[in-house]
>>> print(open('start11.pdb').read())   # PDB, C-alpha atoms
ATOM      1  CA  MET B   1     248.864 286.914  20.806
ATOM      2  CA  ALA B   2     252.358 288.098  19.886
ATOM      3  CA  ASP B   3     255.435 286.832  21.701
ATOM      4  CA  THR B   4     256.765 288.898  24.568
ATOM      5  CA  GLU B   5     260.535 289.099  24.872
ATOM      6  CA  ILE B   6     261.622 288.021  28.359
ATOM      7  CA  THR B   7     264.788 287.248  30.291
ATOM      8  CA  PHE B   8     265.458 285.046  33.299
ATOM      9  CA  THR B   9     268.638 283.995  35.049
ATOM     10  CA  THR B  10     270.316 280.810  36.117
ATOM     11  CA  GLY B  11     273.554 281.246  38.013
ATOM     12  CA  ALA B  12     275.605 283.867  36.162
ATOM     13  CA  ILE B  13     273.706 283.415  32.895
ATOM     14  CA  THR B  14     270.924 285.645  31.610
ATOM     15  CA  LEU B  15     268.792 283.707  29.152
ATOM     16  CA  HIS B  16     266.606 285.360  26.535
ATOM     17  CA  GLY B  17     263.287 283.906  25.482
ATOM     18  CA  SER B  18     259.761 284.353  24.194
ATOM     19  CA  LEU B  19     256.648 284.136  26.352
ATOM     20  CA  ARG B  20     253.342 283.663  24.561
ATOM     21  CA  LEU B  21     249.992 283.926  26.314
ATOM     22  CA  PRO B  22     246.715 282.847  24.693
ATOM     23  CA  ALA B  23     243.975 285.417  24.202
ATOM     24  CA  GLY B  24     241.814 285.903  27.297
ATOM     25  CA  SER B  25     244.354 284.594  29.782
ATOM     26  CA  GLY B  26     245.158 286.635  32.871
ATOM     27  CA  PRO B  27     245.103 286.581  36.675
ATOM     28  CA  ASP B  28     241.358 285.870  36.633
ATOM     29  CA  ALA B  29     241.638 283.243  33.901
ATOM     30  CA  PRO B  30     245.061 281.588  34.174
ATOM     31  CA  ALA B  31     245.995 279.351  31.246
ATOM     32  CA  PRO B  32     247.732 275.979  31.173
ATOM     33  CA  ALA B  33     251.291 276.394  29.965
ATOM     34  CA  VAL B  34     254.140 274.511  28.303
ATOM     35  CA  LEU B  35     257.880 274.969  28.635
ATOM     36  CA  LEU B  36     259.493 274.122  25.291
ATOM     37  CA  LEU B  37     263.040 272.718  25.282
ATOM     38  CA  ALA B  38     265.264 272.664  22.202
ATOM     39  CA  GLY B  39     267.496 269.874  20.957
ATOM     40  CA  SER B  40     271.275 269.573  20.955
ATOM     41  CA  GLY B  41     273.891 271.958  19.668
ATOM     42  CA  PRO B  42     273.476 275.714  19.189
ATOM     43  CA  THR B  43     269.694 275.442  18.776
ATOM     44  CA  ASP B  44     267.713 278.550  19.643
ATOM     45  CA  ARG B  45     264.212 279.268  20.944
ATOM     46  CA  ASN B  46     262.630 278.646  17.544
ATOM     47  CA  GLY B  47     264.461 275.376  16.911
ATOM     48  CA  ASP B  48     266.889 276.973  14.450
ATOM     49  CA  SER B  49     270.543 275.916  14.508
ATOM     50  CA  ALA B  50     273.586 278.082  13.953
ATOM     51  CA  LEU B  51     275.099 275.067  12.184
ATOM     52  CA  LEU B  52     272.525 275.142   9.372
ATOM     53  CA  PRO B  53     272.052 278.021   6.894
ATOM     54  CA  GLY B  54     268.307 278.400   7.152
ATOM     55  CA  SER B  55     265.212 278.240   9.296
ATOM     56  CA  ILE B  56     263.953 275.062  10.947
ATOM     57  CA  GLY B  57     261.300 276.497  13.243
ATOM     58  CA  THR B  58     260.158 273.411  15.166
ATOM     59  CA  LEU B  59     259.697 275.114  18.536
ATOM     60  CA  GLU B  60     257.958 278.131  17.025
ATOM     61  CA  PHE B  61     255.580 275.714  15.278
ATOM     62  CA  LEU B  62     254.862 274.035  18.617
ATOM     63  CA  ALA B  63     254.178 277.419  20.236
ATOM     64  CA  ASP B  64     251.661 278.152  17.462
ATOM     65  CA  LEU B  65     249.905 274.812  18.042
ATOM     66  CA  LEU B  66     249.791 275.365  21.765
ATOM     67  CA  GLU B  67     248.322 278.847  21.403
ATOM     68  CA  GLN B  68     245.566 277.470  19.159
ATOM     69  CA  HIS B  69     244.603 275.113  21.991
ATOM     70  CA  GLY B  70     244.659 277.745  24.734
ATOM     71  CA  PHE B  71     248.119 277.024  26.150
ATOM     72  CA  ALA B  72     250.704 279.604  27.113
ATOM     73  CA  SER B  73     254.286 278.745  26.225
ATOM     74  CA  LEU B  74     257.856 279.726  26.987
ATOM     75  CA  ARG B  75     260.791 278.960  24.737
ATOM     76  CA  TYR B  76     264.288 280.350  25.129
ATOM     77  CA  ASP B  77     267.749 280.623  23.620
ATOM     78  CA  LYS B  78     269.848 278.195  25.615
ATOM     79  CA  LEU B  79     273.499 278.887  26.357
ATOM     80  CA  GLY B  80     275.416 278.994  23.079
ATOM     81  CA  SER B  81     272.496 280.092  20.931
ATOM     82  CA  GLY B  82     270.528 283.142  19.855
ATOM     83  CA  SER B  83     270.451 286.267  21.984
ATOM     84  CA  THR B  84     271.773 284.379  25.022
ATOM     85  CA  GLY B  85     275.020 283.538  23.258
ATOM     86  CA  LEU B  86     277.817 282.516  25.583
ATOM     87  CA  GLY B  87     276.560 284.786  28.350
ATOM     88  CA  PRO B  88     279.401 285.783  30.685
ATOM     89  CA  TYR B  89     281.709 283.039  29.418
ATOM     90  CA  GLU B  90     284.488 282.728  26.875
ATOM     91  CA  VAL B  91     284.608 279.794  24.461
ATOM     92  CA  ASP B  92     287.374 278.151  26.503
ATOM     93  CA  ASP B  93     285.172 278.245  29.627
ATOM     94  CA  ILE B  94     282.328 276.180  28.191
ATOM     95  CA  GLY B  95     284.003 272.805  28.713
ATOM     96  CA  ASP B  96     284.094 273.412  32.458
ATOM     97  CA  LEU B  97     280.332 273.935  32.736
ATOM     98  CA  GLY B  98     279.100 270.470  31.809
ATOM     99  CA  PHE B  99     275.618 269.331  30.817
ATOM    100  CA  SER B 100     274.112 270.507  34.103
ATOM    101  CA  VAL B 101     274.135 274.079  32.772
ATOM    102  CA  PHE B 102     271.261 273.072  30.472
ATOM    103  CA  THR B 103     269.205 271.254  33.105
ATOM    104  CA  ASP B 104     269.709 274.159  35.515
ATOM    105  CA  ALA B 105     268.482 276.602  32.880
ATOM    106  CA  ALA B 106     265.389 274.488  32.242
ATOM    107  CA  ARG B 107     264.605 274.432  35.961
ATOM    108  CA  SER B 108     264.875 278.236  36.142
ATOM    109  CA  ALA B 109     262.711 278.578  33.032
ATOM    110  CA  LEU B 110     260.050 276.337  34.571
ATOM    111  CA  THR B 111     259.988 278.481  37.714
ATOM    112  CA  PHE B 112     259.745 281.663  35.650
ATOM    113  CA  LEU B 113     256.818 280.287  33.627
ATOM    114  CA  SER B 114     254.963 278.914  36.671
ATOM    115  CA  ASP B 115     255.248 282.269  38.425
ATOM    116  CA  ARG B 116     253.384 284.220  35.701
ATOM    117  CA  THR B 117     250.025 285.421  37.008
ATOM    118  CA  ALA B 118     248.401 284.479  33.685
ATOM    119  CA  VAL B 119     249.564 280.849  34.077
ATOM    120  CA  ASP B 120     247.909 278.100  36.117
ATOM    121  CA  PRO B 121     250.823 276.751  38.226
ATOM    122  CA  ASP B 122     249.082 273.388  38.601
ATOM    123  CA  ARG B 123     248.943 272.873  34.817
ATOM    124  CA  VAL B 124     252.483 273.529  33.633
ATOM    125  CA  TYR B 125     253.867 270.922  31.227
ATOM    126  CA  VAL B 126     257.314 270.398  29.707
ATOM    127  CA  VAL B 127     257.792 269.418  26.068
ATOM    128  CA  GLY B 128     261.291 268.652  24.828
ATOM    129  CA  HIS B 129     262.470 267.913  21.300
ATOM    130  CA  SER B 130     265.366 265.491  20.710
ATOM    131  CA  GLU B 131     267.955 266.131  23.467
ATOM    132  CA  GLY B 132     265.401 268.480  25.017
ATOM    133  CA  ALA B 133     263.314 265.402  25.838
ATOM    134  CA  LEU B 134     266.146 264.087  28.020
ATOM    135  CA  ILE B 135     266.280 267.423  29.834
ATOM    136  CA  ALA B 136     262.506 267.243  30.328
ATOM    137  CA  LEU B 137     262.858 263.797  31.908
ATOM    138  CA  ALA B 138     265.707 264.966  34.131
ATOM    139  CA  LEU B 139     263.673 267.972  35.222
ATOM    140  CA  ALA B 140     260.714 265.798  36.210
ATOM    141  CA  ASP B 141     263.020 263.341  37.986
ATOM    142  CA  SER B 142     264.569 266.168  40.032
ATOM    143  CA  GLY B 143     261.268 266.798  41.797
ATOM    144  CA  ALA B 144     260.208 269.827  39.779
ATOM    145  CA  LYS B 145     256.453 270.386  39.657
ATOM    146  CA  VAL B 146     255.502 269.116  36.190
ATOM    147  CA  ALA B 147     251.942 268.288  35.166
ATOM    148  CA  GLY B 148     252.966 266.216  32.147
ATOM    149  CA  LEU B 149     255.724 265.622  29.592
ATOM    150  CA  GLY B 150     256.125 265.681  25.826
ATOM    151  CA  LEU B 151     259.088 263.645  24.533
ATOM    152  CA  LEU B 152     259.331 264.428  20.816
ATOM    153  CA  GLU B 153     261.804 262.447  18.685
ATOM    154  CA  PRO B 154     263.564 261.782  21.996
ATOM    155  CA  LEU B 155     267.040 260.672  22.905
ATOM    156  CA  ALA B 156     265.836 257.281  24.123
ATOM    157  CA  VAL B 157     269.073 255.559  25.138
ATOM    158  CA  ARG B 158     272.210 256.719  26.910
ATOM    159  CA  LEU B 159     274.046 259.233  24.753
ATOM    160  CA  LEU B 160     277.250 257.255  24.269
ATOM    161  CA  ASP B 161     275.306 254.123  23.352
ATOM    162  CA  LEU B 162     273.528 256.062  20.613
ATOM    163  CA  LEU B 163     276.786 257.628  19.439
ATOM    164  CA  THR B 164     278.423 254.206  19.277
ATOM    165  CA  THR B 165     275.538 252.781  17.242
ATOM    166  CA  GLN B 166     275.593 255.733  14.840
ATOM    167  CA  ILE B 167     279.355 255.657  14.277
ATOM    168  CA  ASP B 168     279.365 251.873  13.878
ATOM    169  CA  GLY B 169     276.650 252.174  11.230
ATOM    170  CA  GLN B 170     278.580 254.873   9.391
ATOM    171  CA  LEU B 171     281.751 252.778   9.418
ATOM    172  CA  THR B 172     279.882 249.743   8.105
ATOM    173  CA  ALA B 173     278.448 251.857   5.282
ATOM    174  CA  VAL B 174     281.755 253.365   4.134
ATOM    175  CA  VAL B 175     283.517 250.004   4.318
ATOM    176  CA  GLY B 176     280.726 248.460   2.253
ATOM    177  CA  ALA B 177     281.106 251.241  -0.314
ATOM    178  CA  GLY B 178     284.809 250.562  -0.590
ATOM    179  CA  GLN B 179     285.689 253.969   0.824
ATOM    180  CA  LEU B 180     287.505 252.746   3.940
ATOM    181  CA  PRO B 181     289.673 249.662   4.607
ATOM    182  CA  VAL B 182     288.219 247.180   7.086
ATOM    183  CA  GLU B 183     291.373 247.406   9.199
ATOM    184  CA  LEU B 184     291.037 251.181   9.655
ATOM    185  CA  ALA B 185     287.346 250.845  10.533
ATOM    186  CA  ASP B 186     288.225 248.277  13.190
ATOM    187  CA  GLU B 187     290.878 250.606  14.620
ATOM    188  CA  LEU B 188     288.288 253.387  14.868
ATOM    189  CA  ARG B 189     285.850 251.063  16.634
ATOM    190  CA  VAL B 190     288.504 250.098  19.183
ATOM    191  CA  ALA B 191     289.386 253.768  19.756
ATOM    192  CA  LEU B 192     285.710 254.610  20.175
ATOM    193  CA  ALA B 193     285.195 251.845  22.732
ATOM    194  CA  GLY B 194     288.183 253.169  24.677
ATOM    195  CA  ALA B 195     286.807 256.714  24.578
ATOM    196  CA  VAL B 196     283.434 255.570  25.897
ATOM    197  CA  GLU B 197     285.107 253.620  28.718
ATOM    198  CA  SER B 198     287.225 256.649  29.626
ATOM    199  CA  LEU B 199     284.208 258.956  29.715
ATOM    200  CA  ARG B 200     282.215 256.544  31.851
ATOM    201  CA  THR B 201     285.114 255.810  34.209
ATOM    202  CA  ASP B 202     286.526 259.260  34.945
ATOM    203  CA  ALA B 203     284.850 261.740  32.557
ATOM    204  CA  THR B 204     287.993 262.307  30.491
ATOM    205  CA  LEU B 205     288.995 262.007  26.853
ATOM    206  CA  SER B 206     292.393 261.586  25.276
ATOM    207  CA  ASP B 207     293.602 264.458  23.106
ATOM    208  CA  ASP B 208     294.957 262.078  20.474
ATOM    209  CA  LEU B 209     291.827 260.273  19.298
ATOM    210  CA  PRO B 210     291.576 259.724  15.526
ATOM    211  CA  ASP B 211     290.284 262.707  13.555
ATOM    212  CA  PRO B 212     286.936 261.071  12.614
ATOM    213  CA  LEU B 213     286.117 260.637  16.316
ATOM    214  CA  ARG B 214     287.228 264.161  17.141
ATOM    215  CA  ALA B 215     284.966 265.408  14.352
ATOM    216  CA  ALA B 216     282.093 263.626  16.114
ATOM    217  CA  GLY B 217     282.694 265.792  19.182
ATOM    218  CA  LEU B 218     284.907 263.416  21.152
ATOM    219  CA  VAL B 219     287.401 266.052  22.290
ATOM    220  CA  PRO B 220     288.611 266.869  25.826
ATOM    221  CA  ALA B 221     286.678 270.163  25.930
ATOM    222  CA  ASN B 222     283.415 268.220  25.634
ATOM    223  CA  ALA B 223     284.300 265.456  28.082
ATOM    224  CA  LYS B 224     282.475 266.781  31.146
ATOM    225  CA  ALA B 225     279.265 267.523  29.257
ATOM    226  CA  LEU B 226     279.328 264.175  27.432
ATOM    227  CA  ALA B 227     279.883 262.234  30.655
ATOM    228  CA  GLU B 228     277.147 264.090  32.534
ATOM    229  CA  GLU B 229     274.638 263.654  29.716
ATOM    230  CA  ASP B 230     275.499 259.986  29.252
ATOM    231  CA  ALA B 231     274.903 259.397  32.962
ATOM    232  CA  LEU B 232     271.240 260.263  32.384
ATOM    233  CA  ASP B 233     269.566 257.053  31.231
ATOM    234  CA  PRO B 234     266.230 258.017  29.623
ATOM    235  CA  ARG B 235     264.618 254.684  30.439
ATOM    236  CA  GLU B 236     265.579 254.811  34.100
ATOM    237  CA  LEU B 237     264.293 258.369  34.340
ATOM    238  CA  ALA B 238     261.077 257.347  32.599
ATOM    239  CA  SER B 239     260.553 254.410  34.967
ATOM    240  CA  ARG B 240     260.629 256.779  37.942
ATOM    241  CA  LEU B 241     257.938 259.161  36.687
ATOM    242  CA  PRO B 242     254.731 259.280  38.753
ATOM    243  CA  ALA B 243     252.085 256.733  37.794
ATOM    244  CA  GLY B 244     249.386 258.219  35.623
ATOM    245  CA  LEU B 245     251.419 261.272  34.567
ATOM    246  CA  PRO B 246     250.284 262.443  31.099
ATOM    247  CA  VAL B 247     253.101 261.748  28.624
ATOM    248  CA  VAL B 248     253.291 261.886  24.827
ATOM    249  CA  THR B 249     256.129 260.437  22.761
ATOM    250  CA  SER B 250     256.668 260.833  19.034
ATOM    251  CA  CYS B 251     258.804 258.838  16.642
ATOM    252  CA  SER B 252     259.024 258.684  12.852
ATOM    253  CA  VAL B 253     260.485 255.921  10.729
ATOM    254  CA  LYS B 254     262.050 258.683   8.591
ATOM    255  CA  ASP B 255     264.003 260.111  11.535
ATOM    256  CA  ILE B 256     267.699 259.571  10.823
ATOM    257  CA  GLN B 257     268.762 260.624  14.330
ATOM    258  CA  LEU B 258     267.029 257.909  16.330
ATOM    259  CA  ILE B 259     266.119 254.239  16.194
ATOM    260  CA  GLY B 260     262.458 253.313  16.456
ATOM    261  CA  SER B 261     263.099 250.285  18.653
ATOM    262  CA  ASP B 262     264.840 252.534  21.174
ATOM    263  CA  VAL B 263     261.736 254.714  21.437
ATOM    264  CA  ASP B 264     259.613 251.569  21.749
ATOM    265  CA  ALA B 265     261.765 250.566  24.733
ATOM    266  CA  LEU B 266     261.323 254.030  26.206
ATOM    267  CA  ASP B 267     257.564 253.646  25.803
ATOM    268  CA  ALA B 268     257.774 250.337  27.656
ATOM    269  CA  ALA B 269     259.467 252.161  30.541
ATOM    270  CA  LEU B 270     256.569 254.629  30.463
ATOM    271  CA  ALA B 271     253.873 251.946  30.665
ATOM    272  CA  HIS B 272     252.818 253.093  34.148
ATOM    273  CA  THR B 273     252.110 256.636  32.919
ATOM    274  CA  ALA B 274     249.137 257.910  30.911
ATOM    275  CA  LEU B 275     251.079 257.459  27.676
ATOM    276  CA  THR B 276     250.077 258.685  24.220
ATOM    277  CA  PRO B 277     252.495 257.296  21.612
ATOM    278  CA  VAL B 278     252.513 259.123  18.265
ATOM    279  CA  ARG B 279     254.063 257.062  15.479
ATOM    280  CA  MET B 280     254.757 258.628  12.088
ATOM    281  CA  THR B 281     255.789 257.372   8.666
ATOM    282  CA  THR B 282     256.572 260.530   6.662
ATOM    283  CA  ALA B 283     258.036 263.072   9.123
ATOM    284  CA  ASN B 284     261.699 263.920   9.541
ATOM    285  CA  HIS B 285     263.491 264.593  12.822
ATOM    286  CA  VAL B 286     262.306 268.198  13.007
ATOM    287  CA  LEU B 287     258.662 267.179  12.382
ATOM    288  CA  LYS B 288     258.453 268.366   8.775
ATOM    289  CA  GLU B 289     256.583 266.376   6.123
ATOM    290  CA  ILE B 290     258.932 264.712   3.594
ATOM    291  CA  GLY B 291     256.546 262.189   2.031
ATOM    292  CA  ASP B 292     258.273 259.339   0.196
ATOM    293  CA  ALA B 293     261.669 261.058   0.212
ATOM    294  CA  ALA B 294     264.519 259.957   2.443
ATOM    295  CA  SER B 295     265.728 262.440   5.033
ATOM    296  CA  THR B 296     269.310 263.625   4.639
ATOM    297  CA  GLY B 297     269.377 266.411   7.205
ATOM    298  CA  ALA B 298     269.375 269.026   4.463
ATOM    299  CA  ASP B 299     265.574 268.782   4.482
ATOM    300  CA  TYR B 300     265.489 270.281   7.993
ATOM    301  CA  ILE B 301     265.788 273.815   6.601
ATOM    302  CA  GLU B 302     263.560 273.330   3.562
ATOM    303  CA  PRO B 303     260.212 275.212   3.577
ATOM    304  CA  LEU B 304     258.174 272.041   3.991
ATOM    305  CA  PRO B 305     254.759 271.679   5.655
ATOM    306  CA  TRP B 306     254.577 270.354   9.189
ATOM    307  CA  SER B 307     253.725 266.695   9.614
ATOM    308  CA  THR B 308     249.982 266.075   9.715
ATOM    309  CA  GLU B 309     250.629 262.771  11.475
ATOM    310  CA  PHE B 310     252.423 264.609  14.250
ATOM    311  CA  THR B 311     249.981 267.500  14.441
ATOM    312  CA  ASN B 312     246.953 265.218  14.740
ATOM    313  CA  GLY B 313     248.583 263.073  17.411
ATOM    314  CA  PHE B 314     249.946 265.959  19.459
ATOM    315  CA  GLU B 315     246.676 267.895  19.323
ATOM    316  CA  GLY B 316     244.873 264.750  20.443
ATOM    317  CA  TRP B 317     247.150 264.615  23.486
ATOM    318  CA  LEU B 318     246.572 268.308  24.266
ATOM    319  CA  ARG B 319     242.831 267.723  24.288
ATOM    320  CA  THR B 320     243.246 265.156  27.098
ATOM    321  CA  LEU B 321     245.060 267.554  29.428
TER     322      LEU B 321
END
>>> encode(input="start11.pdb", output="structure tokens")
Amino acid sequence: MADTEITFTTGAITLHGSLRLPAGSGPDAPAPAVLLLAGSGPTDRNGDSALLPGSIGTLEFLADLLEQHGFASLRYDKLGSGSTGLGPYEVDDIGDLGFSVFTDAARSALTFLSDRTAVDPDRVYVVGHSEGALIALALADSGAKVAGLGLLEPLAVRLLDLLTTQIDGQLTAVVGAGQLPVELADELRVALAGAVESLRTDATLSDDLPDPLRAAGLVPANAKALAEEDALDPRELASRLPAGLPVVTSCSVKDIQLIGSDVDALDAALAHTALTPVRMTTANHVLKEIGDAASTGADYIEPLPWSTEFTNGFEGWLRTL
């Protein structure tokens, strides 16, 4: 069935999205349903990013899979993306909103989806990709009625811990390549540690951090959102999920945006749930098949097939619901 364009509101924001209902669903035959949550940055309802000059399509692919298995789905353009845009705000206002604007929108989207007469309100699941997985965990932890969770290529540690690991690895690489003096790399590490401490202490950032750290998003306008997101520890949230809740996680060794051992630790925190771990060897972060190639990020927008490893594992989980 074709997507239906919908809108829903959260606070002063009107969000635009796509509702898809499987054939045969209706008030007399309500379908199970999935709320799909996009990853970080200006990522829209289909999983496409305004920062990349092409189509990614991860969330649209998931909606297709879900429809094939009889699931309704809702995906939407979060604030800063697609038809939603900045809503009623100006660019300078965004820093005052914080990360809660995204969790609030997800909660409103879940209510909208559960209220459809063609949807079974007792079988509404939430599937988040990348940062969307953290929002899914936060939603479940808030007491929202969620029948199960999908955590796909998830943010599996606190945000600033991951950022520190990534920047440290980048500094080690450029120093090893002779592109940066050791002394300058050490200065950047010290500045980064100070920025993390400042964010965790009082949710502020200095306006005079070194340019490489500012380029990584460590600017005062982002301080509130970074601090609020970092306060959400995925493993703590996972440990508080109800026992026996159906959960699927996915992780690929080719994913350049996460560390497999972090996802393993998240799985350990999910041991009390009905967990289905999907482990992949040839998928990139956006679930496309890259074979023996290394992911660079540029492959996200290439017209590649979707990962068979992921598809088989995710469909196996759907069949258990």
>>> resolve_selection(input="start11.pdb", expression="the PyMOL selection byres ((chain B and resi 42) around 6)", output="PyMOL selection string")
chain B and resi 41+43+49-50+80-81
>>> resolve_selection(input="start11.pdb", expression="the PyMOL selection byres ((chain B and resi 95-111) around 7)", output="number ranges by chain")
B: 9-10, 35, 92-94, 112-115, 135, 139, 221-222, 224-225, 228-229
>>> resolve_selection(input="start11.pdb", expression="the PyMOL selection byres ((chain B and resi 193) around 12)", output="ChimeraX atom specification")
/B:160-161,163-165,167-168,186-192,194-200,205,209,213,218
>>> closest_residue(input="start11.pdb", among="B:Thr201, B:Thr273, B:Gln68, B:Thr84", to="His16 of chain B", atoms="all atoms listed in the file")
B:Thr84
>>> residues_around(input="start11.pdb", residues="Leu36 of chain B", least_positions_apart="3", cutoff="10 Å", atoms="all atoms listed in the file", output="ChimeraX atom specification")
/B:33,45-47,59-60,62-63,73-76,106,109-110,125-129,132-133,136,150
>>> write_last_selection(input="start11.pdb", atoms="C-alpha atoms", output="CSV table (one decimal), in the frame of the given file")
chain,number,residue,atom,x,y,z
B,33,ALA,CA,251.3,276.4,30.0
B,45,ARG,CA,264.2,279.3,20.9
B,46,ASN,CA,262.6,278.6,17.5
B,47,GLY,CA,264.5,275.4,16.9
B,59,LEU,CA,259.7,275.1,18.5
B,60,GLU,CA,258.0,278.1,17.0
B,62,LEU,CA,254.9,274.0,18.6
B,63,ALA,CA,254.2,277.4,20.2
B,73,SER,CA,254.3,278.7,26.2
B,74,LEU,CA,257.9,279.7,27.0
B,75,ARG,CA,260.8,279.0,24.7
B,76,TYR,CA,264.3,280.4,25.1
B,106,ALA,CA,265.4,274.5,32.2
B,109,ALA,CA,262.7,278.6,33.0
B,110,LEU,CA,260.0,276.3,34.6
B,125,TYR,CA,253.9,270.9,31.2
B,126,VAL,CA,257.3,270.4,29.7
B,127,VAL,CA,257.8,269.4,26.1
B,128,GLY,CA,261.3,268.7,24.8
B,129,HIS,CA,262.5,267.9,21.3
B,132,GLY,CA,265.4,268.5,25.0
B,133,ALA,CA,263.3,265.4,25.8
B,136,ALA,CA,262.5,267.2,30.3
B,150,GLY,CA,256.1,265.7,25.8
>>> closest_residue(input="start11.pdb", among="B:Gly87, B:Gly143, B:Gly70, B:Gly217", to="Arg123 of chain B", atoms="all atoms listed in the file")
B:Gly70
>>> closest_residue(input="start11.pdb", among="B:Leu318, B:Val119, B:Val91, B:Leu237", to="Leu66 of chain B", atoms="only C-alpha atoms")
B:Leu318
>>> atom_distance(input="start11.pdb", atom1="atom CA of Arg214 of chain B", atom2="atom CA of Leu155 of chain B")
21.3 Å
>>> closest_residue(input="start11.pdb", among="B:Glu5, B:Asp264, B:Glu183, B:Glu236", to="Ser250 of chain B", atoms="all atoms listed in the file")
B:Asp264
>>> closest_residue(input="start11.pdb", among="B:Leu21, B:Ile301, B:Leu79, B:Leu137", to="Pro242 of chain B", atoms="all atoms listed in the file")
B:Leu137
>>> atom_distance(input="start11.pdb", atom1="atom CA of Ala147 of chain B", atom2="atom CA of Lys288 of chain B")
27.2 Å
>>> atom_distance(input="start11.pdb", atom1="atom CA of Thr7 of chain B", atom2="atom CA of Phe71 of chain B")
20.0 Å
>>> closest_residue(input="start11.pdb", among="B:Ala29, B:Leu19, B:Leu226, B:Val253", to="Met280 of chain B", atoms="all atoms listed in the file")
B:Val253
>>> build_atoms(input="start11.pdb", residues="segment 223-235 of chain B", atoms="N, CA, C and O atoms", output="mmCIF file, keeping the file's coordinate frame")
data_model
loop_
_atom_site.group_PDB
_atom_site.id
_atom_site.type_symbol
_atom_site.label_atom_id
_atom_site.label_comp_id
_atom_site.auth_asym_id
_atom_site.auth_seq_id
_atom_site.Cartn_x
_atom_site.Cartn_y
_atom_site.Cartn_z
ATOM 1 N N ALA B 223 284.345 266.664 27.266
ATOM 2 C CA ALA B 223 284.300 265.456 28.082
ATOM 3 C C ALA B 223 283.315 265.557 29.246
ATOM 4 O O ALA B 223 282.522 264.639 29.478
ATOM 5 N N LYS B 224 283.350 266.652 29.974
ATOM 6 C CA LYS B 224 282.475 266.781 31.146
ATOM 7 C C LYS B 224 281.007 266.742 30.742
ATOM 8 O O LYS B 224 280.196 266.031 31.362
ATOM 9 N N ALA B 225 280.659 267.494 29.703
ATOM 10 C CA ALA B 225 279.265 267.523 29.257
ATOM 11 C C ALA B 225 278.819 266.161 28.738
ATOM 12 O O ALA B 225 277.703 265.707 29.034
ATOM 13 N N LEU B 226 279.677 265.494 27.966
ATOM 14 C CA LEU B 226 279.328 264.175 27.432
ATOM 15 C C LEU B 226 279.116 263.170 28.560
ATOM 16 O O LEU B 226 278.160 262.385 28.540
ATOM 17 N N ALA B 227 280.001 263.182 29.541
ATOM 18 C CA ALA B 227 279.883 262.234 30.655
ATOM 19 C C ALA B 227 278.627 262.492 31.471
ATOM 20 O O ALA B 227 277.917 261.554 31.866
ATOM 21 N N GLU B 228 278.337 263.760 31.738
ATOM 22 C CA GLU B 228 277.147 264.090 32.534
ATOM 23 C C GLU B 228 275.869 263.726 31.780
ATOM 24 O O GLU B 228 274.911 263.213 32.385
ATOM 25 N N GLU B 229 275.844 263.992 30.473
ATOM 26 C CA GLU B 229 274.638 263.654 29.716
ATOM 27 C C GLU B 229 274.474 262.148 29.609
ATOM 28 O O GLU B 229 273.365 261.610 29.753
ATOM 29 N N ASP B 230 275.565 261.440 29.378
ATOM 30 C CA ASP B 230 275.499 259.986 29.252
ATOM 31 C C ASP B 230 275.044 259.320 30.546
ATOM 32 O O ASP B 230 274.438 258.246 30.522
ATOM 33 N N ALA B 231 275.316 259.963 31.676
ATOM 34 C CA ALA B 231 274.903 259.397 32.962
ATOM 35 C C ALA B 231 273.397 259.425 33.139
ATOM 36 O O ALA B 231 272.855 258.732 34.014
ATOM 37 N N LEU B 232 272.705 260.204 32.326
ATOM 38 C CA LEU B 232 271.240 260.263 32.384
ATOM 39 C C LEU B 232 270.670 259.195 31.446
ATOM 40 O O LEU B 232 270.707 259.332 30.230
ATOM 41 N N ASP B 233 270.166 258.141 32.017
ATOM 42 C CA ASP B 233 269.566 257.053 31.231
ATOM 43 C C ASP B 233 268.078 257.346 31.051
ATOM 44 O O ASP B 233 267.317 257.315 32.025
ATOM 45 N N PRO B 234 267.639 257.637 29.834
ATOM 46 C CA PRO B 234 266.230 258.017 29.623
ATOM 47 C C PRO B 234 265.236 256.988 30.153
ATOM 48 O O PRO B 234 264.190 257.354 30.686
ATOM 49 N N ARG B 235 265.567 255.715 30.018
ATOM 50 C CA ARG B 235 264.618 254.684 30.439
ATOM 51 C C ARG B 235 264.522 254.615 31.966
ATOM 52 O O ARG B 235 263.433 254.404 32.510
#
